[in-house]
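Note: the block below is my_file.txt and it holds compact mmCIF, C-alpha atoms.
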# COMPACT_ATOMS: atom_id res chain seq x y z
CA MET A 145 0.00 0.00 0.00
CA ASN A 146 1.42 3.37 -1.03
CA ALA A 147 1.60 5.96 1.74
CA LEU A 148 1.45 9.68 1.12
CA GLU A 149 4.83 11.27 0.68
CA HIS A 150 3.61 14.25 2.74
CA PRO A 151 1.42 14.59 5.83
CA ASP A 152 -2.26 14.10 5.03
CA PRO A 153 -3.81 17.61 4.82
CA TYR A 154 -7.37 16.29 5.13
CA ASP A 155 -8.21 15.68 8.79
CA PRO A 156 -12.00 15.21 9.17
CA THR A 157 -11.69 15.61 12.94
CA ASP A 158 -10.20 19.13 12.68
CA PRO A 159 -12.90 21.77 13.36
CA GLY A 160 -11.32 24.02 10.75
CA VAL A 161 -11.49 21.30 8.12
CA ILE A 162 -15.07 20.42 9.10
CA ALA A 163 -16.06 24.07 8.62
CA ASP A 164 -14.09 24.54 5.38
CA PRO A 165 -12.62 21.37 3.87
CA TYR A 166 -11.87 22.94 0.49
CA PRO A 167 -8.27 24.16 1.02
CA ALA A 168 -7.26 20.71 2.31
CA LEU A 169 -9.07 18.98 -0.56
CA ALA A 170 -7.40 21.30 -3.08
CA THR A 171 -3.98 20.45 -1.67
CA LEU A 172 -4.80 16.76 -1.85
CA ARG A 173 -6.16 17.03 -5.39
CA SER A 174 -3.10 18.83 -6.74
CA ARG A 175 -0.47 16.90 -4.79
CA SER A 176 -1.80 13.35 -4.59
CA PRO A 177 -5.18 12.90 -6.31
CA VAL A 178 -5.31 9.25 -5.25
CA ALA A 179 -4.09 9.25 -1.67
CA TRP A 180 -4.10 6.82 1.22
CA SER A 181 -5.50 8.34 4.43
CA GLU A 182 -4.23 6.74 7.61
CA ARG A 183 -6.90 8.59 9.60
CA LEU A 184 -9.72 7.06 7.57
CA ARG A 185 -7.91 3.84 6.60
CA SER A 186 -9.19 4.54 3.12
CA TRP A 187 -8.19 5.84 -0.29
CA LEU A 188 -9.29 9.38 -1.17
CA VAL A 189 -9.92 10.20 -4.84
CA THR A 190 -10.27 13.90 -5.56
CA ARG A 191 -10.22 14.57 -9.32
CA HIS A 192 -13.40 15.06 -11.33
CA ASP A 193 -12.59 12.63 -14.16
CA ASP A 194 -11.48 9.91 -11.73
CA CYS A 195 -14.62 10.26 -9.61
CA ILE A 196 -16.79 9.85 -12.71
CA ALA A 197 -14.80 6.92 -14.09
CA LEU A 198 -14.76 5.02 -10.80
CA GLN A 199 -18.54 5.28 -10.40
CA ARG A 200 -18.79 3.27 -13.63
CA ASP A 201 -15.99 0.85 -12.77
CA PRO A 202 -17.29 -2.64 -11.81
CA ARG A 203 -14.09 -3.24 -9.87
CA LEU A 204 -15.47 -0.97 -7.16
CA SER A 205 -18.46 -2.28 -5.24
CA ALA A 206 -21.18 -0.29 -3.49
CA GLU A 207 -21.53 -3.07 -0.91
CA ARG A 208 -19.24 -1.43 1.59
CA MET A 209 -21.70 -1.98 4.47
CA ALA A 210 -21.67 -5.73 3.89
CA ALA A 211 -17.87 -5.63 3.93
CA TYR A 212 -17.93 -3.58 7.14
CA PHE A 213 -20.27 -5.89 9.05
CA GLN A 214 -18.52 -9.04 7.84
CA GLY A 215 -15.28 -7.69 9.27
CA LEU A 216 -16.68 -7.36 12.80
CA SER A 217 -16.26 -9.83 15.64
CA ASP A 218 -19.24 -12.14 16.26
CA GLU A 219 -20.08 -10.26 19.47
CA ARG A 220 -19.93 -6.86 17.79
CA ARG A 221 -21.94 -8.09 14.84
CA ARG A 222 -24.69 -9.36 17.15
CA ALA A 223 -24.78 -5.97 18.88
CA LEU A 224 -25.39 -4.28 15.52
CA ALA A 225 -27.70 -6.93 14.08
CA MET A 226 -30.56 -4.59 13.17
CA SER A 227 -28.21 -2.10 11.54
CA GLU A 228 -26.78 -4.88 9.38
CA ARG A 229 -30.24 -6.21 8.56
CA MET A 230 -31.66 -2.80 7.57
CA ILE A 231 -28.79 -0.57 6.39
CA GLY A 232 -27.18 -3.52 4.65
CA THR A 233 -30.36 -3.79 2.55
CA TRP A 234 -30.43 -0.14 1.43
CA SER A 235 -30.33 0.01 -2.36
CA VAL A 236 -27.45 2.52 -2.24
CA PHE A 237 -25.28 -0.14 -0.61
CA LEU A 238 -26.08 -2.90 -3.12
CA ASP A 239 -24.70 -3.87 -6.53
CA PRO A 240 -26.81 -5.23 -9.37
CA PRO A 241 -28.90 -7.30 -9.64
CA PRO A 242 -30.43 -6.61 -6.17
CA HIS A 243 -29.82 -2.89 -6.57
CA THR A 244 -31.60 -2.83 -9.94
CA ARG A 245 -34.57 -4.84 -8.65
CA ILE A 246 -35.15 -2.73 -5.54
CA ARG A 247 -34.61 0.58 -7.29
CA SER A 248 -37.11 -0.33 -10.01
CA HIS A 249 -39.83 -0.35 -7.35
CA LEU A 250 -38.91 3.16 -6.17
CA ASN A 251 -38.19 4.96 -9.44
CA ARG A 252 -41.71 5.92 -10.42
CA TRP A 253 -42.19 8.06 -7.32
CA PHE A 254 -39.38 10.37 -8.38
CA THR A 255 -40.21 10.99 -12.04
CA THR A 256 -40.78 14.52 -13.31
CA ARG A 257 -44.48 13.75 -13.80
CA SER A 258 -44.97 12.41 -10.28
CA LEU A 259 -43.15 15.35 -8.71
CA GLU A 260 -45.02 17.90 -10.80
CA ALA A 261 -48.21 16.64 -9.19
CA MET A 262 -46.65 17.22 -5.76
CA LYS A 263 -45.59 20.80 -6.49
CA PRO A 264 -48.69 22.52 -5.01
CA ARG A 265 -48.35 20.54 -1.77
CA ILE A 266 -44.68 21.46 -1.47
CA GLU A 267 -45.48 25.13 -2.10
CA ARG A 268 -48.16 25.08 0.60
CA ARG A 269 -45.75 23.53 3.08
CA ILE A 270 -43.13 26.18 2.29
CA ASP A 271 -45.65 28.98 2.78
CA ASP A 272 -46.98 27.45 6.01
CA LEU A 273 -43.45 27.32 7.45
CA LEU A 274 -42.81 30.95 6.49
CA VAL A 275 -45.99 32.34 8.09
CA PRO A 276 -44.77 32.32 11.71
CA VAL A 277 -41.20 33.42 10.98
CA ARG A 278 -42.38 36.54 9.14
CA GLU A 279 -43.53 37.90 12.50
CA ARG A 280 -40.10 37.48 14.04
CA GLU A 281 -36.67 38.98 13.52
CA ARG A 282 -34.57 35.90 14.22
CA MET A 283 -34.70 32.18 13.68
CA ASP A 284 -32.54 29.11 13.35
CA PHE A 285 -32.95 28.49 9.65
CA VAL A 286 -32.15 24.78 10.03
CA ALA A 287 -34.57 24.03 12.87
CA ASP A 288 -37.36 26.34 11.69
CA PHE A 289 -37.28 25.73 7.95
CA ALA A 290 -34.51 23.69 6.30
CA TYR A 291 -35.22 20.55 8.35
CA PRO A 292 -39.04 20.54 8.65
CA LEU A 293 -39.63 21.29 4.97
CA PRO A 294 -37.99 18.23 3.34
CA ALA A 295 -38.72 15.98 6.32
CA GLY A 296 -42.40 16.84 6.12
CA VAL A 297 -42.46 16.35 2.35
CA ILE A 298 -40.91 12.87 2.40
CA MET A 299 -43.03 11.82 5.38
CA ASP A 300 -46.12 12.89 3.45
CA MET A 301 -44.99 10.92 0.39
CA LEU A 302 -44.36 7.80 2.45
CA GLY A 303 -47.52 8.14 4.52
CA VAL A 304 -45.84 8.72 7.89
CA PRO A 305 -47.78 10.80 10.46
CA LEU A 306 -46.23 14.24 10.90
CA GLU A 307 -46.53 13.87 14.68
CA LEU A 308 -43.46 11.61 14.48
CA LEU A 309 -41.29 14.44 13.13
CA ALA A 310 -39.34 14.98 16.36
CA ASP A 311 -38.68 11.25 16.82
CA PHE A 312 -37.57 10.91 13.22
CA GLN A 313 -35.25 13.89 13.55
CA ARG A 314 -33.50 12.32 16.53
CA TRP A 315 -33.27 8.89 14.93
CA SER A 316 -32.10 10.29 11.61
CA HIS A 317 -29.34 12.29 13.29
CA ASP A 318 -28.06 9.16 15.00
CA VAL A 319 -28.14 7.11 11.79
CA ALA A 320 -26.27 9.94 10.03
CA LEU A 321 -23.36 9.64 12.46
CA PHE A 322 -22.77 6.08 11.29
CA VAL A 323 -23.74 6.30 7.60
CA GLY A 324 -22.07 9.70 7.19
CA SER A 325 -18.78 8.37 8.64
CA SER A 326 -18.57 10.65 11.67
CA GLN A 327 -15.04 10.79 13.04
CA THR A 328 -15.81 12.39 16.41
CA ALA A 329 -18.76 10.37 17.80
CA PRO A 330 -17.33 7.33 19.62
CA ASP A 331 -20.78 5.87 20.32
CA LYS A 332 -22.11 6.29 16.76
CA HIS A 333 -22.65 2.57 16.15
CA HIS A 334 -24.67 2.07 19.33
CA ARG A 335 -26.76 5.20 18.65
CA ALA A 336 -27.40 4.13 15.06
CA GLU A 337 -28.48 0.66 16.18
CA GLU A 338 -31.02 2.09 18.62
CA ALA A 339 -32.30 4.49 15.97
CA ILE A 340 -32.68 1.75 13.36
CA VAL A 341 -34.59 -0.40 15.84
CA GLY A 342 -37.01 2.50 16.43
CA LEU A 343 -37.40 3.32 12.74
CA ALA A 344 -37.92 -0.32 11.74
CA ALA A 345 -40.64 -0.73 14.36
CA VAL A 346 -42.52 2.32 13.09
CA PHE A 347 -42.35 1.24 9.46
CA ARG A 348 -43.36 -2.35 10.23
CA ASP A 349 -46.43 -1.03 12.05
CA LEU A 350 -47.24 1.29 9.14
CA LEU A 351 -46.79 -1.53 6.65
CA ALA A 352 -49.19 -3.77 8.56
CA GLU A 353 -51.69 -0.92 8.84
CA ARG A 354 -51.55 -0.11 5.11
CA ARG A 355 -52.08 -3.76 4.24
CA ARG A 356 -55.29 -3.66 6.28
CA ALA A 357 -56.37 -0.25 4.96
CA PRO A 358 -54.39 1.04 1.94
CA ASP A 359 -54.03 4.77 1.35
CA ALA A 360 -52.69 6.96 -1.46
CA ASP A 361 -49.08 6.87 -0.25
CA MET A 362 -45.82 5.17 -1.10
CA ILE A 363 -45.96 2.55 1.65
CA SER A 364 -49.40 1.40 0.47
CA GLU A 365 -48.23 1.19 -3.13
CA LEU A 366 -45.02 -0.68 -2.28
CA ALA A 367 -46.98 -3.11 -0.11
CA ARG A 368 -49.16 -3.99 -3.12
CA GLN A 369 -46.21 -4.69 -5.41
CA PRO A 370 -44.68 -8.17 -5.61
CA GLY A 371 -40.93 -8.54 -5.61
CA LEU A 372 -39.92 -6.90 -2.33
CA SER A 373 -39.54 -8.76 0.95
CA ASP A 374 -40.80 -7.04 4.09
CA ASP A 375 -37.21 -6.41 5.19
CA GLU A 376 -36.38 -4.82 1.85
CA LEU A 377 -39.49 -2.67 1.95
CA VAL A 378 -38.95 -1.49 5.53
CA ALA A 379 -35.21 -0.93 5.01
CA ASN A 380 -35.69 1.17 1.89
CA CYS A 381 -38.50 3.20 3.44
CA ILE A 382 -35.98 4.07 6.16
CA LEU A 383 -33.48 4.96 3.43
CA LEU A 384 -36.00 7.21 1.63
CA LEU A 385 -36.92 8.95 4.87
CA PHE A 386 -33.27 9.43 5.80
CA ALA A 387 -31.90 10.43 2.40
CA GLY A 388 -35.08 12.28 1.48
CA HIS A 389 -34.46 15.04 3.96
CA GLU A 390 -30.88 14.88 5.27
CA THR A 391 -29.28 16.08 2.04
CA THR A 392 -32.04 18.56 1.18
CA THR A 393 -31.74 20.11 4.64
CA GLY A 394 -28.04 20.56 3.90
CA LEU A 395 -28.72 21.95 0.43
CA LEU A 396 -31.11 24.58 1.79
CA SER A 397 -28.96 25.66 4.74
CA ASN A 398 -25.62 25.53 2.90
CA GLY A 399 -27.22 27.40 0.01
CA LEU A 400 -28.69 30.17 2.13
CA MET A 401 -25.38 30.63 3.94
CA ARG A 402 -23.60 31.07 0.60
CA LEU A 403 -26.19 33.67 -0.42
CA ILE A 404 -25.58 35.51 2.85
CA GLU A 405 -21.82 35.39 2.24
CA HIS A 406 -22.27 36.66 -1.32
CA PRO A 407 -24.77 39.55 -1.10
CA GLY A 408 -24.43 40.38 -4.78
CA GLN A 409 -25.57 36.88 -5.71
CA GLN A 410 -28.39 37.09 -3.17
CA ALA A 411 -29.54 40.42 -4.64
CA LEU A 412 -29.51 38.93 -8.13
CA LEU A 413 -31.68 35.99 -7.08
CA ARG A 414 -34.06 38.37 -5.29
CA ARG A 415 -34.45 40.45 -8.44
CA GLU A 416 -34.64 37.47 -10.77
CA PRO A 417 -36.22 34.48 -8.97
CA GLY A 418 -36.40 32.71 -12.33
CA ARG A 419 -32.68 32.01 -11.87
CA ALA A 420 -33.46 29.65 -9.00
CA GLU A 421 -32.76 26.43 -10.93
CA MET A 422 -29.29 27.61 -11.97
CA ALA A 423 -28.67 28.93 -8.45
CA VAL A 424 -29.49 25.54 -6.93
CA GLU A 425 -27.10 23.80 -9.35
CA GLU A 426 -24.32 26.17 -8.31
CA MET A 427 -25.08 25.56 -4.63
CA LEU A 428 -24.83 21.83 -5.26
CA ARG A 429 -21.51 22.24 -7.07
CA PHE A 430 -20.00 24.74 -4.66
CA ASP A 431 -20.87 23.08 -1.35
CA SER A 432 -22.84 19.87 -1.75
CA PRO A 433 -24.47 18.21 1.28
CA ALA A 434 -23.24 14.84 -0.06
CA PRO A 435 -19.48 15.47 -0.20
CA ALA A 436 -18.28 11.91 -0.70
CA ILE A 437 -19.44 8.41 -1.55
CA SER A 438 -17.76 5.26 -0.40
CA ARG A 439 -16.91 2.12 -2.33
CA VAL A 440 -14.93 -1.03 -1.61
CA ALA A 441 -12.47 -2.56 -4.07
CA ALA A 442 -13.84 -5.87 -5.36
CA THR A 443 -10.45 -6.69 -6.90
CA ASP A 444 -6.95 -5.25 -7.06
CA LEU A 445 -6.64 -2.21 -9.32
CA GLU A 446 -4.22 0.59 -10.10
CA LEU A 447 -5.09 4.28 -10.43
CA ARG A 448 -2.59 7.07 -11.10
CA GLY A 449 0.25 4.83 -10.02
CA ARG A 450 -1.41 3.78 -6.76
CA ARG A 451 -2.17 0.13 -6.09
CA ILE A 452 -5.61 -0.28 -4.51
CA SER A 453 -5.98 -3.74 -3.01
CA ARG A 454 -9.09 -5.89 -2.90
CA GLY A 455 -11.11 -5.01 0.19
CA ASP A 456 -9.72 -1.47 0.50
CA ARG A 457 -12.27 1.28 1.10
CA VAL A 458 -12.30 4.15 -1.40
CA PHE A 459 -13.87 7.55 -0.80
CA LEU A 460 -14.78 9.39 -3.99
CA MET A 461 -14.54 12.98 -2.76
CA LEU A 462 -17.29 14.56 -4.84
CA ASN A 463 -16.90 18.03 -3.33
CA ALA A 464 -13.23 18.03 -4.28
CA ALA A 465 -14.17 16.91 -7.80
CA ASN A 466 -16.73 19.70 -8.05
CA ARG A 467 -13.99 22.26 -7.39
CA ASP A 468 -11.53 20.70 -9.85
CA PRO A 469 -10.05 23.49 -12.03
CA ASP A 470 -9.74 20.99 -14.89
CA ALA A 471 -13.54 20.69 -14.91
CA PHE A 472 -14.68 24.20 -13.88
CA ASP A 473 -13.40 27.70 -14.55
CA GLU A 474 -12.62 29.56 -11.32
CA PRO A 475 -14.07 26.69 -9.27
CA ASP A 476 -13.78 28.50 -5.92
CA ARG A 477 -15.99 31.36 -7.13
CA PHE A 478 -19.68 31.12 -6.21
CA ASP A 479 -21.65 32.23 -9.27
CA ILE A 480 -25.37 31.47 -9.67
CA THR A 481 -25.15 32.35 -13.39
CA ARG A 482 -22.56 29.62 -14.04
CA ARG A 483 -23.39 27.47 -17.04
CA ALA A 484 -20.28 25.49 -17.94
CA GLY A 485 -19.27 22.23 -16.27
CA ARG A 486 -21.02 19.12 -15.00
CA HIS A 487 -21.12 18.72 -11.26
CA ILE A 488 -21.54 15.29 -9.68
CA ALA A 489 -23.12 16.34 -6.39
CA PHE A 490 -25.75 13.61 -6.75
CA GLY A 491 -23.29 10.96 -7.91
CA PHE A 492 -23.10 9.40 -11.33
CA GLY A 493 -24.13 6.20 -13.08
CA ILE A 494 -26.48 3.54 -11.75
CA HIS A 495 -26.29 4.90 -8.20
CA PHE A 496 -27.20 8.46 -9.20
CA CYS A 497 -29.33 9.75 -6.33
CA ILE A 498 -32.93 8.67 -6.89
CA GLY A 499 -34.19 11.67 -4.90
CA ALA A 500 -32.22 14.27 -6.87
CA PRO A 501 -35.31 15.60 -8.75
CA LEU A 502 -37.18 16.03 -5.46
CA ALA A 503 -34.27 17.82 -3.76
CA ARG A 504 -33.88 20.14 -6.76
CA LEU A 505 -37.61 20.89 -6.82
CA GLU A 506 -37.82 21.65 -3.10
CA ALA A 507 -34.80 23.97 -3.16
CA THR A 508 -35.90 25.70 -6.38
CA LEU A 509 -39.33 26.40 -4.91
CA ALA A 510 -38.14 27.27 -1.41
CA LEU A 511 -35.23 29.68 -1.79
CA PRO A 512 -37.02 32.38 -3.84
CA ARG A 513 -39.92 32.23 -1.39
CA VAL A 514 -37.55 32.65 1.55
CA LEU A 515 -35.98 35.70 -0.09
CA ALA A 516 -39.43 37.12 -0.89
CA ALA A 517 -40.55 36.70 2.72
CA LEU A 518 -37.40 37.87 4.53
CA ASP A 519 -35.37 41.03 3.87
CA ASP A 520 -31.85 41.90 5.03
CA ILE A 521 -30.94 38.32 5.94
CA GLU A 522 -27.66 37.98 7.80
CA GLN A 523 -26.05 35.59 10.23
CA THR A 524 -26.32 36.48 13.88
CA ASP A 525 -23.25 36.72 16.08
CA ASP A 526 -23.89 33.14 17.21
CA ALA A 527 -21.46 30.67 15.71
CA VAL A 528 -22.82 28.31 13.10
CA THR A 529 -22.34 24.62 13.83
CA TRP A 530 -21.31 22.14 11.14
CA ARG A 531 -22.18 18.49 11.35
CA ASP A 532 -19.32 16.02 11.52
CA GLY A 533 -19.06 13.43 8.75
CA VAL A 534 -17.06 12.54 5.67
CA SER A 535 -20.12 11.61 3.60
CA LEU A 536 -22.62 14.21 4.81
CA ARG A 537 -22.07 17.97 4.99
CA GLY A 538 -24.46 20.48 6.46
CA LEU A 539 -25.17 22.89 9.24
CA VAL A 540 -26.55 21.72 12.55
CA SER A 541 -27.78 25.27 13.08
CA LEU A 542 -27.82 28.52 11.11
CA PRO A 543 -28.97 31.42 13.33
CA ILE A 544 -30.09 34.38 11.18
CA ARG A 545 -31.69 37.78 11.67
CA TYR A 546 -33.83 39.56 9.11
CA ARG A 547 -36.82 41.80 8.49
CA GLY A 548 -39.97 39.80 7.86
CA ARG A 549 -42.27 40.95 5.06
CA ARG A 550 -46.02 40.55 5.18
CA ALA A 551 -47.51 38.29 2.55
CA GLY A 552 -48.86 40.14 -0.45
CA PRO A 553 -49.01 40.06 -4.21
CA GLY A 554 -45.94 38.34 -5.60
CA THR A 555 -44.73 37.07 -2.22
CA ALA A 556 -44.97 33.66 -0.62
Using structure tokens, write down the structure that the file contains.
Amino acid sequence: MNALEHPDPYDPTDPGVIADPYPALATLRSRSPVAWSERLRSWLVTRHDDCIALQRDPRLSAERMAAYFQGLSDERRRALAMSERMIGTWSVFLDPPPHTRIRSHLNRWFTTRSLEAMKPRIERRIDDLLVPVRERERMDFVADFAYPLPAGVIMDMLGVPLELLADFQRWSHDVALFVGSSQTAPDKHHRAEEAIVGLAAVFRDLLAERRRAPDADMISELARQPGLSDDELVANCILLLFAGHETTTGLLSNGLMRLIEHPGQQALLRREPGRAEMAVEEMLRFDSPAPAISRVAATDLELRGRRISRGDRVFLMLNAANRDPDAFDEPDRFDITRRAGRHIAFGFGIHFCIGAPLARLEATLALPRVLAALDDIEQTDDAVTWRDGVSLRGLVSLPIRYRGRRAGPGTA
């Protein structure tokens, strides 16, 4: 195994790197674009073309959770039995043919046509969340808007009662510590196991209820379809709930923070809300909430002179790729009018994020409405808090102050 010739600049436990990983990733990308990290016991790949090519390379497997659990002691594996049973069955952690079979059952819920029908409901939820904050001068944008919006939307799609929002937020946070590869939470596996037990119990109860009395929701429809076991159905409902809001929460909060930091770009989007789709794409490129995806080498391979051995874990650092100067002009400049380049914030190939159209729709609808409802948005003096994780990036809190505007013609 080839070690780095220089000290590893990317330390995911360093608060400075957690807040702004891009200088360290740039150093890694220019100096050693395929680098072994002793801290993560993994390979880090940071160039745009490599990250695309490796997502199509059958020598890298998505089944890194299976590899992880199989490497545990019998005692440890028993302690995490429900995590292995559920997370190990998520479609994102499977290769074809199981991946193809499970995903085929989920695809139709995330087509342009299906989401177009949901647009009025999403708009109503956005407006409902903005009503109370208009009357205030401060809020935590994450707690008051960026989390409840996508969480409520995906819960509605699945058919989960909204009263469970607080429980799901707690459980989802604990799952994220494990799935997102937190480096600073020593009890992440235990917390994730307890969360998965709670989530699985809720979804099994909902599945049984929908079989008795079907409704117009995703759980009812999936329960009617042959080809999914109960474990597969429950596991992938957990995945949809988790992935359906965690990354969109990050997209909304990271995106608003970048607009605050770049007042000229914010002013442009205020004047021209029709630019929202392009703005969202730039937010995804500039600071994606899904900064890396993990694979495991199914066989020995060589990349840029580095020998990657069978069983090695490989992180494809998508956020480094999305700032690659070989793929984007002035990649460290935030520009909502940017047209050139192809970001890979949602991945690439057969594992391209199934929920990408929903995340894009929610952010495109939400951000212009937020700007229409709130004037003079700025961060408060309170420090923002970033979540810890190699594979998830977002703000735990974003305290802001503003002037609320009353609803009227042309506003949300």
Find the residues of stretch 370-474 of chain A that sit at most 9 Å from stretch 513-526 of chain A; for each, write down the nearest two atoms and how far apart they are in Å, to one decimal. Count all atoms listed in the file. Sort by chain, then by number going up, and give it as JSON lines.
{"residue": "A:Met401", "atom": "CA", "partner": "A:Gln523", "partner_atom": "CA", "distance": 8.0}
{"residue": "A:Ile404", "atom": "CA", "partner": "A:Glu522", "partner_atom": "CA", "distance": 5.9}
{"residue": "A:Glu405", "atom": "CA", "partner": "A:Glu522", "partner_atom": "CA", "distance": 8.5}
{"residue": "A:Gln410", "atom": "CA", "partner": "A:Leu515", "partner_atom": "CA", "distance": 8.3}
{"residue": "A:Leu413", "atom": "CA", "partner": "A:Leu515", "partner_atom": "CA", "distance": 8.2}
{"residue": "A:Arg414", "atom": "CA", "partner": "A:Leu515", "partner_atom": "CA", "distance": 6.2}
{"residue": "A:Pro417", "atom": "CA", "partner": "A:Arg513", "partner_atom": "CA", "distance": 8.7}
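Distances to A:Asp318 were evaluated for A:Leu169, A:Met209, A:Ala339, A:Met301 using all atoms listed in the file, and the minimum falls at A:Ala339.
For the residues A:Leu377, A:Val297, A:Cys497, A:Ile363, ranking by smallest atom-to-atom distance to A:Arg245 using only C-alpha atoms places A:Leu377 first.
With all atoms listed in the file as the basis for measurement, A:Leu343 is the residue among A:Leu273, A:Met283, A:Leu224, A:Leu343 that approaches A:Leu308 most closely.
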If you take only C-alpha atoms and a cut-off of 12 Å, which residues of stretch 190-252 of chain A touch stretch 445-455 of chain A, and what are their nearest atom pairs and distances in Å to one decimal, in chain and number order, as a Markdown table?
| residue | atom | partner | partner_atom | distance |
| --- | --- | --- | --- | --- |
| A:Thr190 | CA | A:Arg448 | CA | 11.7 |
| A:Arg191 | CA | A:Arg448 | CA | 10.8 |
| A:Asp193 | CA | A:Leu447 | CA | 11.8 |
| A:Asp194 | CA | A:Leu447 | CA | 8.6 |
| A:Cys195 | CA | A:Leu447 | CA | 11.3 |
| A:Ala197 | CA | A:Leu447 | CA | 10.7 |
| A:Leu198 | CA | A:Leu447 | CA | 9.7 |
| A:Asp201 | CA | A:Leu445 | CA | 10.4 |
| A:Pro202 | CA | A:Leu445 | CA | 10.9 |
| A:Arg203 | CA | A:Leu445 | CA | 7.5 |
| A:Leu204 | CA | A:Arg454 | CA | 9.1 |
| A:Ser205 | CA | A:Gly455 | CA | 9.5 |
| A:Ala206 | CA | A:Gly455 | CA | 11.7 |
| A:Glu207 | CA | A:Gly455 | CA | 10.7 |
| A:Arg208 | CA | A:Gly455 | CA | 9.0 |
| A:Met209 | CA | A:Gly455 | CA | 11.8 |
| A:Ala210 | CA | A:Gly455 | CA | 11.2 |
| A:Ala211 | CA | A:Gly455 | CA | 7.8 |
| A:Tyr212 | CA | A:Gly455 | CA | 9.8 |
| A:Gln214 | CA | A:Gly455 | CA | 11.4 |
| A:Gly215 | CA | A:Gly455 | CA | 10.3 |
Mind checking which residues fall within 7 Å of A:Phe322, counting only C-alpha atoms, ignoring those fewer than 4 positions away in the same chain, and posting them as number ranges by chain? A: 326, 332-333, 336
Selection near A:Ser364, 8 Å with all atoms listed in the file, sequence-local residues under 3 positions removed, as number ranges by chain: A: 351, 354-355, 358-361, 367-368
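Taking atom CA of A:Ala503 and atom CA of A:Glu425 as endpoints, the distance between them is 10.9 Å.
With all atoms listed in the file as the atoms that count, the residue of A:Val458, A:Ala420, A:Leu403, A:Leu274 with the shortest distance to A:Phe478 is A:Leu403.
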Polymer residues at most 8 Å from A:Thr392, all atoms listed in the file, same-chain spacing of 5 or more positions, as number ranges by chain: A: 290, 294, 433, 503, 506-507
Where atoms are lacking, stretch 437-441 of chain A completed to all heavy atoms, as a short mmCIF file (atom, residue, chain, number, x, y, z; two decimals), in the frame of the given file:
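For reference, out_28.cif as written:
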data_model
loop_
_atom_site.label_atom_id
_atom_site.label_comp_id
_atom_site.auth_asym_id
_atom_site.auth_seq_id
_atom_site.Cartn_x
_atom_site.Cartn_y
_atom_site.Cartn_z
N ILE A 437 -18.80 9.72 -1.57
CA ILE A 437 -19.44 8.41 -1.55
C ILE A 437 -18.35 7.37 -1.37
O ILE A 437 -17.20 7.56 -1.77
CB ILE A 437 -20.26 8.13 -2.83
CG1 ILE A 437 -19.41 8.27 -4.08
CG2 ILE A 437 -21.47 9.04 -2.91
CD1 ILE A 437 -20.16 7.88 -5.35
N SER A 438 -18.74 6.28 -0.76
CA SER A 438 -17.76 5.26 -0.40
C SER A 438 -17.97 3.99 -1.22
O SER A 438 -19.11 3.60 -1.50
CB SER A 438 -17.89 4.93 1.09
OG SER A 438 -16.95 3.95 1.48
N ARG A 439 -16.89 3.38 -1.61
CA ARG A 439 -16.91 2.12 -2.33
C ARG A 439 -15.86 1.20 -1.70
O ARG A 439 -14.98 1.65 -0.97
CB ARG A 439 -16.59 2.32 -3.81
CG ARG A 439 -17.64 3.14 -4.57
CD ARG A 439 -18.90 2.35 -4.79
NE ARG A 439 -19.89 3.08 -5.59
CZ ARG A 439 -20.88 3.79 -5.08
NH1 ARG A 439 -21.00 3.90 -3.77
NH2 ARG A 439 -21.77 4.37 -5.87
N VAL A 440 -15.95 -0.07 -2.04
CA VAL A 440 -14.93 -1.03 -1.61
C VAL A 440 -14.40 -1.75 -2.84
O VAL A 440 -15.16 -2.08 -3.75
CB VAL A 440 -15.52 -2.03 -0.57
CG1 VAL A 440 -16.65 -2.85 -1.16
CG2 VAL A 440 -14.44 -2.90 0.02
N ALA A 441 -13.10 -1.92 -2.90
CA ALA A 441 -12.47 -2.56 -4.07
C ALA A 441 -12.83 -4.04 -4.11
O ALA A 441 -12.55 -4.78 -3.16
CB ALA A 441 -10.97 -2.37 -4.03
#
